[in-house]
$ cat input.pdb   # PDB, C-alpha atoms
ATOM      1  CA  MET A   1     179.318  48.198  73.575
ATOM      2  CA  LEU A   2     179.411  51.770  74.969
ATOM      3  CA  ARG A   3     181.405  54.567  73.423
ATOM      4  CA  ARG A   4     181.607  58.262  74.163
ATOM      5  CA  GLY A   5     180.114  60.519  71.575
ATOM      6  CA  ARG A   6     181.452  63.749  70.185
ATOM      7  CA  PHE A   7     180.296  65.790  73.151
ATOM      8  CA  GLY A   8     181.219  63.240  75.823
ATOM      9  CA  GLU A   9     177.828  61.591  76.160
ATOM     10  CA  TRP A  10     177.497  57.795  76.314
ATOM     11  CA  ARG A  11     176.214  56.157  73.142
ATOM     12  CA  ALA A  12     175.128  52.616  72.338
ATOM     13  CA  PHE A  13     174.759  51.623  68.702
ATOM     14  CA  GLY A  14     174.519  55.277  67.763
ATOM     15  CA  ARG A  15     171.678  56.135  70.139
ATOM     16  CA  ARG A  16     172.117  58.392  73.162
ATOM     17  CA  TRP A  17     171.440  56.935  76.629
ATOM     18  CA  THR A  18     169.427  59.190  78.902
ATOM     19  CA  SER A  19     169.879  59.389  82.672
ATOM     20  CA  THR A  20     167.165  58.258  85.091
ATOM     21  CA  SER A  21     166.314  61.859  85.928
ATOM     22  CA  GLU A  22     165.988  62.722  82.262
ATOM     23  CA  ALA A  23     163.730  59.738  81.645
ATOM     24  CA  ALA A  24     161.514  60.713  84.582
ATOM     25  CA  ALA A  25     161.274  64.388  83.628
ATOM     26  CA  PRO A  26     157.817  65.642  84.702
ATOM     27  CA  ARG A  27     155.300  66.638  82.135
ATOM     28  CA  LYS A  28     154.210  70.232  81.979
ATOM     29  CA  VAL A  29     151.470  71.137  84.477
ATOM     30  CA  PRO A  30     148.533  73.055  82.947
ATOM     31  CA  ILE A  31     148.381  76.614  84.229
ATOM     32  CA  GLU A  32     144.620  76.226  84.820
ATOM     33  CA  LEU A  33     145.278  73.504  87.434
ATOM     34  CA  ILE A  34     147.896  75.639  89.151
ATOM     35  CA  LYS A  35     145.452  78.555  89.350
ATOM     36  CA  GLN A  36     142.668  76.328  90.696
ATOM     37  CA  LEU A  37     144.843  74.740  93.405
ATOM     38  CA  ARG A  38     146.251  78.104  94.403
ATOM     39  CA  SER A  39     142.750  79.596  94.618
ATOM     40  CA  GLU A  40     141.491  76.709  96.757
ATOM     41  CA  SER A  41     144.417  76.520  99.182
ATOM     42  CA  GLY A  42     145.818  80.041  99.186
ATOM     43  CA  CYS A  43     149.295  78.612  98.598
ATOM     44  CA  THR A  44     151.951  80.171  96.387
ATOM     45  CA  VAL A  45     152.316  79.407  92.687
ATOM     46  CA  ILE A  46     155.507  77.457  93.416
ATOM     47  CA  HIS A  47     153.799  75.319  96.091
ATOM     48  CA  ALA A  48     150.873  74.613  93.754
ATOM     49  CA  LYS A  49     153.142  73.683  90.851
ATOM     50  CA  LEU A  50     155.321  71.393  92.988
ATOM     51  CA  ALA A  51     152.289  69.635  94.475
ATOM     52  CA  LEU A  52     150.762  69.058  91.031
ATOM     53  CA  THR A  53     154.088  67.885  89.646
ATOM     54  CA  GLU A  54     154.508  65.428  92.510
ATOM     55  CA  SER A  55     150.976  64.131  91.973
ATOM     56  CA  ASP A  56     151.416  63.922  88.186
ATOM     57  CA  GLY A  57     148.704  66.506  87.582
ATOM     58  CA  ASP A  58     146.066  64.812  89.750
ATOM     59  CA  LEU A  59     144.241  67.637  91.561
ATOM     60  CA  CYS A  60     142.897  65.436  94.381
ATOM     61  CA  LYS A  61     146.316  63.970  95.083
ATOM     62  CA  ALA A  62     147.853  67.462  94.925
ATOM     63  CA  ARG A  63     145.474  68.666  97.632
ATOM     64  CA  GLU A  64     146.597  65.783  99.835
ATOM     65  CA  VAL A  65     150.255  66.559  99.119
ATOM     66  CA  LEU A  66     149.690  70.157 100.224
ATOM     67  CA  ARG A  67     147.892  69.074 103.396
ATOM     68  CA  GLU A  68     150.789  66.807 104.334
ATOM     69  CA  LYS A  69     153.364  69.515 103.656
ATOM     70  CA  PHE A  70     151.344  72.117 105.570
ATOM     71  CA  GLN A  71     150.989  69.754 108.532
ATOM     72  CA  ALA A  72     154.750  69.113 108.522
ATOM     73  CA  GLN A  73     155.409  72.860 108.480
ATOM     74  CA  PHE A  74     152.811  73.394 111.229
ATOM     75  CA  THR A  75     154.498  70.786 113.462
ATOM     76  CA  LYS A  76     157.937  72.233 112.755
ATOM     77  CA  ARG A  77     156.921  75.791 113.709
ATOM     78  CA  GLN A  78     154.971  74.932 116.877
ATOM     79  CA  ASN A  79     157.734  75.967 119.285
ATOM     80  CA  SER A  80     158.807  79.085 117.396
ATOM     81  CA  ALA A  81     158.664  82.401 119.239
ATOM     82  CA  SER A  82     155.558  84.428 118.370
ATOM     83  CA  SER A  83     155.929  88.015 119.506
ATOM     84  CA  GLU A  84     153.833  89.653 116.771
ATOM     85  CA  GLY A  85     150.203  89.311 115.775
ATOM     86  CA  MET A  86     146.873  91.115 116.050
ATOM     87  CA  VAL A  87     144.061  91.692 118.530
ATOM     88  CA  MET A  88     140.400  91.747 117.524
ATOM     89  CA  ALA A  89     137.422  93.052 119.490
ATOM     90  CA  LYS A  90     133.851  92.459 118.351
ATOM     91  CA  ILE A  91     130.382  92.885 119.823
ATOM     92  CA  SER A  92     127.423  90.837 118.585
ATOM     93  CA  GLN A  93     124.578  92.586 116.771
ATOM     94  CA  ASP A  94     122.158  91.893 119.606
ATOM     95  CA  MET A  95     124.614  93.551 122.051
ATOM     96  CA  ARG A  96     124.486  90.494 124.320
ATOM     97  CA  LYS A  97     128.031  89.190 123.738
ATOM     98  CA  ALA A  98     131.511  90.604 123.271
ATOM     99  CA  ALA A  99     134.640  88.796 122.114
ATOM    100  CA  LEU A 100     138.278  89.786 122.485
ATOM    101  CA  LEU A 101     140.920  87.653 120.786
ATOM    102  CA  LYS A 102     144.717  87.722 120.542
ATOM    103  CA  LEU A 103     146.243  85.780 117.650
ATOM    104  CA  SER A 104     150.036  85.656 117.449
ATOM    105  CA  CYS A 105     152.623  85.030 114.728
ATOM    106  CA  GLU A 106     156.334  85.664 114.245
ATOM    107  CA  THR A 107     156.471  88.871 112.167
ATOM    108  CA  ASP A 108     154.375  91.978 111.602
ATOM    109  CA  PHE A 109     154.465  91.282 107.850
ATOM    110  CA  VAL A 110     152.531  88.018 108.275
ATOM    111  CA  ALA A 111     150.154  89.627 110.802
ATOM    112  CA  ARG A 112     148.979  92.020 108.077
ATOM    113  CA  THR A 113     148.327  89.387 105.407
ATOM    114  CA  ASP A 114     144.776  88.652 104.262
ATOM    115  CA  LYS A 115     145.145  85.006 105.291
ATOM    116  CA  PHE A 116     146.120  85.867 108.881
ATOM    117  CA  LEU A 117     143.392  88.515 109.171
ATOM    118  CA  GLY A 118     140.871  86.032 107.785
ATOM    119  CA  ILE A 119     141.756  83.560 110.532
ATOM    120  CA  ILE A 120     141.346  86.085 113.348
ATOM    121  CA  LYS A 121     137.960  87.187 111.961
ATOM    122  CA  SER A 122     136.558  83.672 111.715
ATOM    123  CA  ALA A 123     138.012  82.736 115.124
ATOM    124  CA  CYS A 124     136.437  85.806 116.745
ATOM    125  CA  ASP A 125     133.055  84.870 115.259
ATOM    126  CA  ARG A 126     133.434  81.409 116.797
ATOM    127  CA  VAL A 127     134.028  82.962 120.223
ATOM    128  CA  LEU A 128     130.837  84.998 119.881
ATOM    129  CA  GLU A 129     128.903  81.820 119.084
ATOM    130  CA  LYS A 130     129.995  79.821 122.136
ATOM    131  CA  PRO A 131     132.637  79.749 124.915
ATOM    132  CA  TYR A 132     136.111  78.378 124.150
ATOM    133  CA  SER A 133     139.422  78.098 125.909
ATOM    134  CA  PRO A 134     142.460  79.196 123.836
ATOM    135  CA  GLU A 135     143.390  75.543 123.341
ATOM    136  CA  GLU A 136     139.874  74.579 122.243
ATOM    137  CA  LEU A 137     139.681  77.484 119.804
ATOM    138  CA  GLY A 138     143.077  76.558 118.370
ATOM    139  CA  ALA A 139     141.806  73.009 117.791
ATOM    140  CA  ALA A 140     138.587  74.289 116.197
ATOM    141  CA  CYS A 141     140.597  76.458 113.788
ATOM    142  CA  HIS A 142     143.303  73.841 113.222
ATOM    143  CA  GLU A 143     142.827  73.395 109.467
ATOM    144  CA  GLU A 144     142.818  77.142 108.780
ATOM    145  CA  ILE A 145     145.877  77.708 110.964
ATOM    146  CA  ARG A 146     147.698  74.665 109.570
ATOM    147  CA  ASP A 147     147.221  75.782 105.973
ATOM    148  CA  ALA A 148     148.271  79.350 106.833
ATOM    149  CA  VAL A 149     151.418  78.115 108.577
ATOM    150  CA  GLY A 150     152.244  75.950 105.570
ATOM    151  CA  THR A 151     151.752  78.868 103.189
ATOM    152  CA  LEU A 152     153.239  81.710 105.235
ATOM    153  CA  GLY A 153     155.980  79.699 106.952
ATOM    154  CA  GLU A 154     155.430  81.092 110.464
ATOM    155  CA  ALA A 155     153.949  79.819 113.704
ATOM    156  CA  ILE A 156     150.383  81.026 114.322
ATOM    157  CA  ARG A 157     148.596  80.397 117.600
ATOM    158  CA  VAL A 158     145.680  81.586 119.744
ATOM    159  CA  ASP A 159     147.324  83.368 122.669
ATOM    160  CA  ASP A 160     144.333  84.555 124.685
ATOM    161  CA  LEU A 161     140.622  85.218 124.425
ATOM    162  CA  LEU A 162     137.693  86.643 126.354
ATOM    163  CA  ARG A 163     133.944  86.247 125.968
ATOM    164  CA  ILE A 164     131.555  88.473 127.928
ATOM    165  CA  GLU A 165     127.804  88.008 128.088
ATOM    166  CA  ALA A 166     125.512  90.838 129.188
ATOM    167  CA  GLU A 167     121.819  91.573 129.610
ATOM    168  CA  PRO A 168     121.001  94.452 127.199
ATOM    169  CA  SER A 169     118.194  95.773 129.397
ATOM    170  CA  SER A 170     120.644  96.838 132.118
ATOM    171  CA  SER A 171     124.149  96.431 130.647
ATOM    172  CA  VAL A 172     126.117  97.895 127.760
ATOM    173  CA  LEU A 173     129.185  96.442 126.057
ATOM    174  CA  SER A 174     131.778  98.714 124.453
ATOM    175  CA  SER A 175     135.081  98.138 122.711
ATOM    176  CA  TYR A 176     138.050 100.048 121.393
ATOM    177  CA  VAL A 177     140.943  98.989 119.159
ATOM    178  CA  HIS A 178     144.136 101.029 118.794
ATOM    179  CA  ASN A 179     146.415 101.087 115.721
ATOM    180  CA  THR A 180     143.773  99.452 113.542
ATOM    181  CA  VAL A 181     144.642  97.702 110.281
ATOM    182  CA  GLN A 182     141.010  96.774 109.602
ATOM    183  CA  PRO A 183     137.799  97.569 111.513
ATOM    184  CA  GLY A 184     138.035  95.966 114.959
ATOM    185  CA  ILE A 185     141.567  94.610 114.400
ATOM    186  CA  GLY A 186     144.758  96.227 115.660
ATOM    187  CA  ARG A 187     147.661  96.146 118.109
ATOM    188  CA  ILE A 188     145.687  96.895 121.288
ATOM    189  CA  GLY A 189     142.114  95.832 121.988
ATOM    190  CA  VAL A 190     139.797  96.515 124.936
ATOM    191  CA  VAL A 191     136.307  95.313 125.864
ATOM    192  CA  VAL A 192     134.306  96.951 128.693
ATOM    193  CA  ALA A 193     131.006  95.984 130.318
ATOM    194  CA  LEU A 194     129.032  98.744 132.067
ATOM    195  CA  ASP A 195     126.096  97.977 134.366
ATOM    196  CA  SER A 196     123.133 100.183 135.210
ATOM    197  CA  SER A 197     120.943  99.833 138.305
ATOM    198  CA  LYS A 198     117.883 100.660 136.187
ATOM    199  CA  VAL A 199     116.533  99.506 132.846
ATOM    200  CA  VAL A 200     118.340 101.227 129.976
ATOM    201  CA  ASP A 201     116.251 102.775 127.192
ATOM    202  CA  ASP A 202     117.612 103.516 123.722
ATOM    203  CA  ALA A 203     118.744 107.050 124.524
ATOM    204  CA  LYS A 204     120.563 105.986 127.693
ATOM    205  CA  ARG A 205     122.067 103.017 125.893
ATOM    206  CA  GLU A 206     123.656 105.284 123.296
ATOM    207  CA  ARG A 207     125.014 107.532 126.052
ATOM    208  CA  LEU A 208     126.470 104.511 127.870
ATOM    209  CA  LYS A 209     128.012 103.151 124.653
ATOM    210  CA  GLU A 210     129.725 106.485 124.071
ATOM    211  CA  PHE A 211     130.988 106.643 127.643
ATOM    212  CA  GLY A 212     132.027 102.996 127.495
ATOM    213  CA  LYS A 213     134.218 103.745 124.474
ATOM    214  CA  HIS A 214     135.891 106.576 126.412
ATOM    215  CA  VAL A 215     136.574 104.169 129.271
ATOM    216  CA  ALA A 216     137.941 101.604 126.814
ATOM    217  CA  MET A 217     140.281 104.266 125.395
ATOM    218  CA  GLN A 218     141.399 105.023 128.956
ATOM    219  CA  ILE A 219     142.190 101.343 129.529
ATOM    220  CA  ALA A 220     144.047 101.061 126.210
ATOM    221  CA  ALA A 221     146.221 104.076 127.050
ATOM    222  CA  MET A 222     146.809 103.572 130.795
ATOM    223  CA  SER A 223     146.633  99.759 131.119
ATOM    224  CA  PRO A 224     144.995  99.375 134.563
ATOM    225  CA  THR A 225     144.866  95.927 136.167
ATOM    226  CA  TYR A 226     141.876  96.311 138.501
ATOM    227  CA  VAL A 227     138.553  98.158 138.427
ATOM    228  CA  SER A 228     138.867  99.561 141.955
ATOM    229  CA  ALA A 229     141.127  99.331 144.989
ATOM    230  CA  ASP A 230     138.613  96.936 146.556
ATOM    231  CA  ASP A 231     139.586  94.356 143.917
ATOM    232  CA  ILE A 232     143.152  94.241 145.266
ATOM    233  CA  SER A 233     143.495  91.831 148.165
ATOM    234  CA  ALA A 234     145.002  92.970 151.459
ATOM    235  CA  GLU A 235     147.685  90.322 151.001
ATOM    236  CA  THR A 236     148.713  91.790 147.638
ATOM    237  CA  LYS A 237     148.885  95.309 149.068
ATOM    238  CA  ARG A 238     150.921  94.097 152.046
ATOM    239  CA  ALA A 239     153.306  92.143 149.828
ATOM    240  CA  HIS A 240     153.895  95.219 147.649
ATOM    241  CA  THR A 241     154.620  97.389 150.704
ATOM    242  CA  GLU A 242     156.991  94.820 152.207
ATOM    243  CA  GLU A 243     158.866  94.439 148.933
ATOM    244  CA  ARG A 244     159.321  98.196 148.618
ATOM    245  CA  THR A 245     160.377  98.481 152.278
ATOM    246  CA  LEU A 246     163.019  95.792 151.811
ATOM    247  CA  PHE A 247     164.319  97.490 148.660
ATOM    248  CA  LEU A 248     164.578 100.880 150.418
ATOM    249  CA  ARG A 249     166.266  99.366 153.482
ATOM    250  CA  GLU A 250     168.845  97.689 151.246
ATOM    251  CA  SER A 251     169.381 101.091 149.626
ATOM    252  CA  GLY A 252     170.418 102.521 152.998
ATOM    253  CA  ARG A 253     167.202 104.139 154.260
ATOM    254  CA  GLU A 254     166.318 104.136 157.959
ATOM    255  CA  LYS A 255     163.543 101.752 158.973
ATOM    256  CA  LYS A 256     160.831 104.367 159.680
ATOM    257  CA  GLU A 257     161.714 106.385 156.609
ATOM    258  CA  ALA A 258     161.702 103.274 154.430
ATOM    259  CA  GLU A 259     158.318 102.139 155.784
ATOM    260  CA  ALA A 260     156.732 105.564 155.223
ATOM    261  CA  GLU A 261     158.038 105.846 151.673
ATOM    262  CA  ALA A 262     157.032 102.252 150.882
ATOM    263  CA  LEU A 263     153.484 103.026 152.012
ATOM    264  CA  ARG A 264     153.383 106.093 149.733
ATOM    265  CA  ASP A 265     154.703 103.980 146.849
ATOM    266  CA  THR A 266     151.980 101.406 147.458
ATOM    267  CA  LEU A 267     149.279 104.080 147.378
ATOM    268  CA  ASN A 268     150.700 105.419 144.109
ATOM    269  CA  TRP A 269     150.800 101.876 142.696
ATOM    270  CA  ILE A 270     147.148 101.345 143.665
ATOM    271  CA  GLU A 271     146.199 104.592 141.944
ATOM    272  CA  ASP A 272     148.060 103.625 138.770
ATOM    273  CA  SER A 273     146.740 100.052 138.758
ATOM    274  CA  THR A 274     143.050 100.712 139.366
ATOM    275  CA  LEU A 275     140.817 102.146 136.676
ATOM    276  CA  LEU A 276     138.614 104.247 138.947
ATOM    277  CA  GLU A 277     141.579 105.958 140.629
ATOM    278  CA  GLN A 278     143.371 106.871 137.406
ATOM    279  CA  GLN A 279     143.445 110.389 136.030
ATOM    280  CA  PHE A 280     140.784 110.532 133.294
ATOM    281  CA  ILE A 281     142.451 111.080 129.909
ATOM    282  CA  MET A 282     139.286 112.666 128.457
ATOM    283  CA  GLU A 283     140.153 116.051 129.925
ATOM    284  CA  ASP A 284     137.365 117.823 128.039
ATOM    285  CA  GLN A 285     134.876 115.928 130.222
ATOM    286  CA  GLY A 286     135.904 118.071 133.203
ATOM    287  CA  HIS A 287     136.694 115.232 135.648
ATOM    288  CA  ASP A 288     139.997 114.536 137.348
ATOM    289  CA  LYS A 289     139.506 110.809 137.812
ATOM    290  CA  VAL A 290     137.544 108.059 136.113
ATOM    291  CA  LYS A 291     135.395 107.530 139.215
ATOM    292  CA  GLY A 292     134.401 111.214 139.081
ATOM    293  CA  ALA A 293     133.249 110.800 135.485
ATOM    294  CA  ILE A 294     131.214 107.733 136.450
ATOM    295  CA  ASP A 295     129.635 109.585 139.374
ATOM    296  CA  ALA A 296     128.645 112.416 137.021
ATOM    297  CA  LEU A 297     127.127 109.933 134.565
ATOM    298  CA  THR A 298     125.210 108.307 137.428
ATOM    299  CA  ASN A 299     123.652 111.691 138.247
ATOM    300  CA  GLU A 300     122.956 112.433 134.585
ATOM    301  CA  LEU A 301     121.142 109.150 133.938
ATOM    302  CA  GLU A 302     119.622 108.912 137.429
ATOM    303  CA  SER A 303     120.911 105.345 137.654
ATOM    304  CA  VAL A 304     123.942 103.889 139.411
ATOM    305  CA  ILE A 305     126.569 103.118 136.758
ATOM    306  CA  ARG A 306     129.503 100.814 137.434
ATOM    307  CA  VAL A 307     132.255  99.120 135.467
ATOM    308  CA  LYS A 308     131.406  95.438 135.766
ATOM    309  CA  GLU A 309     134.351  93.998 133.835
ATOM    310  CA  PHE A 310     137.092  94.877 131.368
ATOM    311  CA  ARG A 311     139.999  93.216 129.573
ATOM    312  CA  ARG A 312     142.898  94.576 127.586
ATOM    313  CA  PHE A 313     145.012  92.572 125.124
ATOM    314  CA  ALA A 314     148.093  94.026 123.425
ATOM    315  CA  ILE A 315     150.811  92.915 121.022
TER     316      ILE A 315
END
$ encode --input "input.pdb" --output "structure tokens"
Amino acid sequence: MLRRGRFGEWRAFGRRWTSTSEAAAPRKVPIELIKQLRSESGCTVIHAKLALTESDGDLCKAREVLREKFQAQFTKRQNSASSEGMVMAKISQDMRKAALLKLSCETDFVARTDKFLGIIKSACDRVLEKPYSPEELGAACHEEIRDAVGTLGEAIRVDDLLRIEAEPSSSVLSSYVHNTVQPGIGRIGVVVALDSSKVVDDAKRERLKEFGKHVAMQIAAMSPTYVSADDISAETKRAHTEERTLFLRESGREKKEAEAEALRDTLNWIEDSTLLEQQFIMEDQGHDKVKGAIDALTNELESVIRVKEFRRFAI
């Protein structure tokens, strides 16, 4: 027979009945286990405690619980917009390889966390070791990214990457990173490869590295698309001129006037879009354009210097 007690609880033969939830109340999780799981996974104290509670204090089962929860969070965040992140540029110690990597997330706060920065460092080292596509690198770093997504609660993905190989005897690799948060990591990253027509000794290599950094700073600031005008196809130039002509005609300009102005606009666009035609930002070097600075360096080193390749990534 059940009767209510003094405080409204159900009693049977003088003993209080407990609810199912009360009967299944979890035992206290040792703080040492919480610290260990948190140290291993990088998760929060709450996540560690919940995982250990769910696994009844079994550390191995708790790790599996975390992996499942992180994977669920990773899947959930896959299609989230990722407009923030970091760029990393790194050159190998033997100067034969350069890597440029763009890793994205959802907020600047997460991009500055140790976990996120740790992922971009290890991923960049992988790119230096061997070639990857962004998809392949994302797969190779899946566990790191999955656990970070589960802990930080934001989508993290490899957006773009570049790997350049060079022959140190005649080529020099340089890099520059703008708005750095740690060495080699920031909001804008550039890698440049310079070629020399003659073998480069140590003194010339240092001079080329210095000049290469100046060129990389130019690219970071002015964002060119091509090395020279020769890299722009005739079709692209013609399409740009035709588009401008059409726009000017629709604005009321006469045909000849529109065509002449469109041609001038195309020439200005070529100058802005090509590295060699841009005004050199290092004004103290005494050269109006980048190509003038390269010509002067060619005379100084008595070797034809050219920009072989460059890439610029930005957040």
$ residues_around --input "input.pdb" --residues "Asp108 (chain A)" --least-positions-apart "6" --cutoff "9 Å" --atoms "all atoms listed in the file" --output "list of chain:residue names"
A:Ser83, A:Glu84, A:Gly85, A:Met86
$ atom_distance --input "input.pdb" --atom1 "CA of Lys35 (chain A)" --atom2 "CA of Asp125 (chain A)"
29.4 Å
$ atom_distance --input "input.pdb" --atom1 "CA of Arg253 (chain A)" --atom2 "CA of Asn268 (chain A)"
19.4 Å
$ closest_atom_pairs --input "input.pdb" --of "region 98-162 of chain A" --to "region 56-70 of chain A" --cutoff "7 Å" --atoms "only C-alpha atoms" --output "tab-separated table"
residue	atom	partner	partner_atom	distance
A:Arg146	CA	A:Phe70	CA	6.0
A:Asp147	CA	A:Phe70	CA	5.5
A:Val149	CA	A:Phe70	CA	6.7
A:Gly150	CA	A:Phe70	CA	3.9
$ resolve_selection --input "input.pdb" --expression "the PyMOL selection byres ((chain A and resi 178-182) around 10)" --output "ChimeraX atom specification"
/A:86-88,111-112,117,176-177,183-190,217,220-221,314
$ residues_near_point --input "input.pdb" --point "(148.5, 88.5, 125.3)" --cutoff "7 Å" --atoms "all atoms listed in the file" --output "PyMOL selection string"
chain A and resi 102+159-160+313-315
$ write_last_selection --input "input.pdb" --atoms "C-alpha atoms" --output "CSV table (one decimal), in the coordinates of the input"
chain,number,residue,atom,x,y,z
A,102,LYS,CA,144.7,87.7,120.5
A,159,ASP,CA,147.3,83.4,122.7
A,160,ASP,CA,144.3,84.6,124.7
A,313,PHE,CA,145.0,92.6,125.1
A,314,ALA,CA,148.1,94.0,123.4
A,315,ILE,CA,150.8,92.9,121.0
$ axis_aligned_box --input "input.pdb" --around "region 197-215 of chain A" --padding-each-side "8 Å" --output "AutoDock Vina command-line options"
--center_x 126.4 --center_y 103.5 --center_z 130.8 --size_x 36.3 --size_y 24.0 --size_z 31.0
$ atom_distance --input "input.pdb" --atom1 "CA of His240 (chain A)" --atom2 "CA of Thr225 (chain A)"
14.6 Å
$ resolve_selection --input "input.pdb" --expression "the PyMOL selection byres ((chain A and resi 148) around 9)" --output "MDAnalysis selection string"
chainID A and resid 42:43 70 74 115:116 119 143:147 149:156
$ resolve_selection --input "input.pdb" --expression "the PyMOL selection byres ((chain A and resi 165) around 6)" --output "CSV table (one decimal) with C-alpha atoms, keeping the file's coordinate frame"
chain,number,residue,atom,x,y,z
A,96,ARG,CA,124.5,90.5,124.3
A,97,LYS,CA,128.0,89.2,123.7
A,164,ILE,CA,131.6,88.5,127.9
A,166,ALA,CA,125.5,90.8,129.2
$ residues_around --input "input.pdb" --residues "Cys141 (chain A)" --least-positions-apart "6" --cutoff "12 Å" --atoms "all atoms listed in the file" --output "compact mmCIF listing (two decimals) with C-alpha atoms, in the frame of the given file"
# COMPACT_ATOMS: atom_id res chain seq x y z
CA LEU A 103 146.24 85.78 117.65
CA PHE A 116 146.12 85.87 108.88
CA GLY A 118 140.87 86.03 107.78
CA ILE A 119 141.76 83.56 110.53
CA ILE A 120 141.35 86.08 113.35
CA LYS A 121 137.96 87.19 111.96
CA SER A 122 136.56 83.67 111.72
CA ALA A 123 138.01 82.74 115.12
CA CYS A 124 136.44 85.81 116.74
CA ASP A 125 133.06 84.87 115.26
CA ARG A 126 133.43 81.41 116.80
CA VAL A 127 134.03 82.96 120.22
CA TYR A 132 136.11 78.38 124.15
CA PRO A 134 142.46 79.20 123.84
CA GLU A 135 143.39 75.54 123.34
CA ASP A 147 147.22 75.78 105.97
CA ALA A 148 148.27 79.35 106.83
CA ILE A 156 150.38 81.03 114.32
CA ARG A 157 148.60 80.40 117.60
CA VAL A 158 145.68 81.59 119.74
$ residues_around --input "input.pdb" --residues "Arg238 (chain A)" --least-positions-apart "5" --cutoff "12 Å" --atoms "all atoms listed in the file" --output "PyMOL selection string"
chain A and resi 232-233+243-245+259+262-263+265-267+270
